[in-house]
Amino acid sequence: MAAVALLHLPVSQAAVPHQELDFDIPAGYLSATLIEIGRRSGVIVSFRPELVSTRSTRPIQGRYSLSEVLARALHDTNLSADIKPDGAVTVLAPPPSARGEPGPVTTGERAPIDGGTLSAVVVRASHEPEAEADTGFLAASVTTPTRTETALSRLPLAVSVVTRDALDLHNVQTSTEALVHVPGVTAQIYEASAAMLPTLAIRGFPVLHLLSGMRTYRNDRPFDSEALERIEILKGPSGVIGGNAEFGGRGGTINLVRKQAEPDHRNTAALGLSSRDNGTLRSSFDLGAPLALDTHWRLVGYGTRSGHTEGGYDAQHSRGLLGTVSHRGSDLQATLTVQGDRRRDVPSRASRVFLSPETGAPVGVGGEEPVVSSEDRTQSDAGDIELDLAWRFSPKWRSTLKVRQEGIRGDMRRHVFRADETAPTATLSLQRTSIRSSGLQAGVIGDVATGPVNHQLMLAVDVERSRTAMSLGSAAWDLDPATFQPGQTALSGTPDEGDRFALQPVCVTRVLRRGLMLQDQLSLGGWSARLAVQQSRVSAREEIADDGATFTWPKALNWDAGLAYQLTPFAAVYGGWQSAVAWDYWSAHPVPLFDGSAPSIPRMRQVQAGVKFDLLEDRLALTLEAFRLQQLDVVDYSGDLAGYFEHPGRDVRGLEVEMKGHLLTQLEVSLGLALTHARDAANGTLMSTASLSTRQAGIPSRTLNLLARYRLPETVAPASTVGLALHAFSSLRSVAPNAEGTASSLRLPGGARTDLSWTRKSGPWALGVAVQNLFDRRLYGTYSTQGFVPLQPGRSIGITLAFAG
């Protein structure tokens, strides 16, 4: 791939096109209009996001030269465009004396850029008619690490982005399916007897879940991909953005960015049918239009329904609706979003681990428990309303405010089969959960300069309240071995009258989180840096419990620091450091260790260093990063004699490589490679703090992810593209032995999954055909600490028909 990239490096920049071209650009955001002008003219357009993010343009129709069409695009603004002889166009802020006046289009030397500039977004465009107007697999900027729009090339850390194009090409139904294709992200099930759905982890540690930048309690509940515009995955430093790390530390942050209203008219509908799970039907629509010049609306609906699943359970289904209205004025931006969805999910096959009645150990690959009842499921209803405001009250200062109210109801029903030497038994468990939360983020952002150093300062306050109520119920009874048939809808056994149960409230937990954040992004020549610190505090109260406990976690002071240097116009090096306090039960309820001393508060240390390359005129981005994550001062229990003791909990180190963009005009790729070495500290001997380090379960040492899209020549297949998705990984340990060696170690071979797709466009219609898991391989995509069985579905073929009016 490197050789191909070098062969296609241009000899020189194209000259500025002076000829007139035909333009037919609808009204929309100024950023989209500039991108379209660059694409049709075959020039390079660069602009700062904050200059154009609040501006819209009127329709542009007619035949114009490059300078004329730029003048029309910038007519209602006070911006100017500098056109260079080598074909580069830069959108500039007005000088102080020209504030409020329309900016002219100039040629010649570039004017000095505003002192508050931190970075620029550069758009590379092609004049070819077939060129796509979207960003493809390569994202230019993200918001998760800094809460502001920041160019990826200027961040001193690696951030993976799953764009809308990548979601479509993967043909995934949920966010969970999309994330397992990201290097460093795994899906695990920690409690095989009761877990229903996989839990995501980044680099072997738990994940903080965000929805459009704010904490969400949907967590591992699958989120329908039709409602998403992109997914941003922050690996490593996230203590400042997320506050205190929850139980077990934190390996990163996943931010689900929802679709928003846009100026252009939308009239899109899609219908898909797949052989997956004995027939799966998906439908969606996406509508939108302007209400006024700066006000727009969008409505997205989606639904999925399957047949009897491959795991032996009844149909799973989902449906939802997303509505958003946005206003983008010159100084005020406001977005109101409302979403509601309902899901019925069934247990993953990896949660049906068969434990041997003789040894209690997992049987191994293929050792699934029988399905006692096909009616097992998790039903959930979730909804939220969100208001996002941004107000620029001076040329260099703006304020932000985001509030959200979220509600979730969950109802789990699960039967578990237990083998016994005398007679098999069945256990029915019910769990109902109700969560209500409200959150607020408020901040002030300013672009200032101190001599030659430019700063982007942020002072932010976070407040969040939540209430979680949980009720449980269970019953157990013997089954008749002569009549028991696994997978039947009706139970062959009936609980006795004395075993009948009713749901009983377990606890009502109220949590209050507060945080104060200070962040500074600095820029000086080729140097850029990020310094951020947050003080946070968590208070919780369990109102219905055995002890009615009220506890407050200690204050935590988390900090992130990063430094980057632009070595050449196409290469930059960076390094990042982060420290966070991982609050857990032992922090709130300290118990003496076996030697009588008090336990320390758990901590997380993270460090990474890497290099970023922008190749092929910024059409291809390559990032190499080395990292290390350490979990320290973990409290464990080693028996009645030894009691509690501390030990290092986990150490993960490795190397990740990501490459995204266009290798050729017709070929776009997204390549991810991860080499990981993860080890846990197991229990030591009695009356000793010595610990045994062993390979962490569920983390493969090598993973490879490849996504490619190739536009076929017009002479072969007009308006057609083919896609390839590959996910492969090495062998891994499913069950790791403890220090005494009482648990049997289970090591599993690696696997690979290959998906192929083909899409043909004809006017407003698009037809797509996809084959998933082409070679029908048994994949080990979800791991369990008690055992393992395959999760990935078998081979399936699907067809999709879409209309975009």
# chains A, B, ... in the order shown; residues from 1 in each chain; ligands from 1
$ residues_around --residues "stretch 383-389 of chain A" --least-positions-apart "4" --cutoff "10 Å" --atoms "only C-alpha atoms" --output "VMD selection string"
chain A and resid 212 214 216 218 320 to 327 332 to 342 399 to 409 436 to 442
$ select_by_dssp --residues "stretch 503-695 of chain A" --states "alpha helix (DSSP H)" --output "ChimeraX atom specification"
/A:585-588
$ residues_around --residues "A:Leu157" --least-positions-apart "3" --cutoff "9 Å" --atoms "only C-alpha atoms" --output "list in words"
Pro145, Leu152, Arg154, Leu234, Lys235, Gly236, Pro237, Gly562, Leu563, Ala564, Tyr574, Gly575, Gly576, Gln608, Ala609, Gly610 and Glu625 of chain A
$ residues_around --residues "A:Leu673" --least-positions-apart "4" --cutoff "9 Å" --atoms "only C-alpha atoms" --output "list in words"
Pro183, Gly184, Leu655, Glu656, Val657, Glu658, Arg702, Thr703, Leu704, Asn705 and Leu706 of chain A
$ atom_distance --atom1 "atom CA of A:Ala556" --atom2 "atom CA of A:Ser600"
13.2 Å
$ select_by_dssp --residues "stretch 565-681 of chain A" --states "strand (DSSP E or B)" --output "ChimeraX atom specification"
/A:565-568,571-582,603-615,620-632,634-637,644-647,650-662,667-681
$ residues_around --residues "A:Arg203" --least-positions-apart "4" --cutoff "8 Å" --atoms "only C-alpha atoms" --output "list in words"
Gly184, Val185, Thr186, Lys235, Gly251, Gly252, Val652 and Thr676 of chain A
$ write_last_selection --atoms "N, CA and C atoms" --output "PDB file, in the first residue's frame"
ATOM      1  N   GLY A 184      -8.908  -2.524  18.875  1.00  0.00           N
ATOM      2  CA  GLY A 184      -8.839  -2.197  20.297  1.00  0.00           C
ATOM      3  C   GLY A 184     -10.141  -2.343  21.033  1.00  0.00           C
ATOM      4  N   VAL A 185     -11.272  -2.532  20.323  1.00  0.00           N
ATOM      5  CA  VAL A 185     -12.587  -2.669  20.950  1.00  0.00           C
ATOM      6  C   VAL A 185     -13.000  -4.134  20.927  1.00  0.00           C
ATOM      7  N   THR A 186     -13.410  -4.653  22.077  1.00  0.00           N
ATOM      8  CA  THR A 186     -13.869  -6.032  22.191  1.00  0.00           C
ATOM      9  C   THR A 186     -15.222  -6.061  22.893  1.00  0.00           C
ATOM     10  N   LYS A 235      -9.627   6.562  22.630  1.00  0.00           N
ATOM     11  CA  LYS A 235      -8.862   5.525  23.309  1.00  0.00           C
ATOM     12  C   LYS A 235      -7.815   6.184  24.191  1.00  0.00           C
ATOM     13  N   GLY A 251     -10.946   2.313  29.757  1.00  0.00           N
ATOM     14  CA  GLY A 251     -10.037   2.209  28.629  1.00  0.00           C
ATOM     15  C   GLY A 251     -10.297   3.231  27.551  1.00  0.00           C
ATOM     16  N   GLY A 252     -11.432   3.918  27.614  1.00  0.00           N
ATOM     17  CA  GLY A 252     -11.738   4.903  26.593  1.00  0.00           C
ATOM     18  C   GLY A 252     -13.186   5.333  26.652  1.00  0.00           C
ATOM     19  N   VAL A 652      -1.960  -3.249  30.330  1.00  0.00           N
ATOM     20  CA  VAL A 652      -2.171  -3.465  28.900  1.00  0.00           C
ATOM     21  C   VAL A 652      -1.229  -2.549  28.139  1.00  0.00           C
ATOM     22  N   THR A 676      -1.581  -6.306  20.919  1.00  0.00           N
ATOM     23  CA  THR A 676      -1.887  -6.026  22.324  1.00  0.00           C
ATOM     24  C   THR A 676      -1.303  -7.104  23.226  1.00  0.00           C
TER      25      THR A 676
END
$ closest_residue --among "A:Lys259, A:Gly303, A:Arg628, A:Ala681" --to "A:Trp577" --atoms "only C-alpha atoms"
A:Arg628
$ atom_distance --atom1 "atom CA of A:Thr665" --atom2 "atom CA of A:Thr57"
29.0 Å
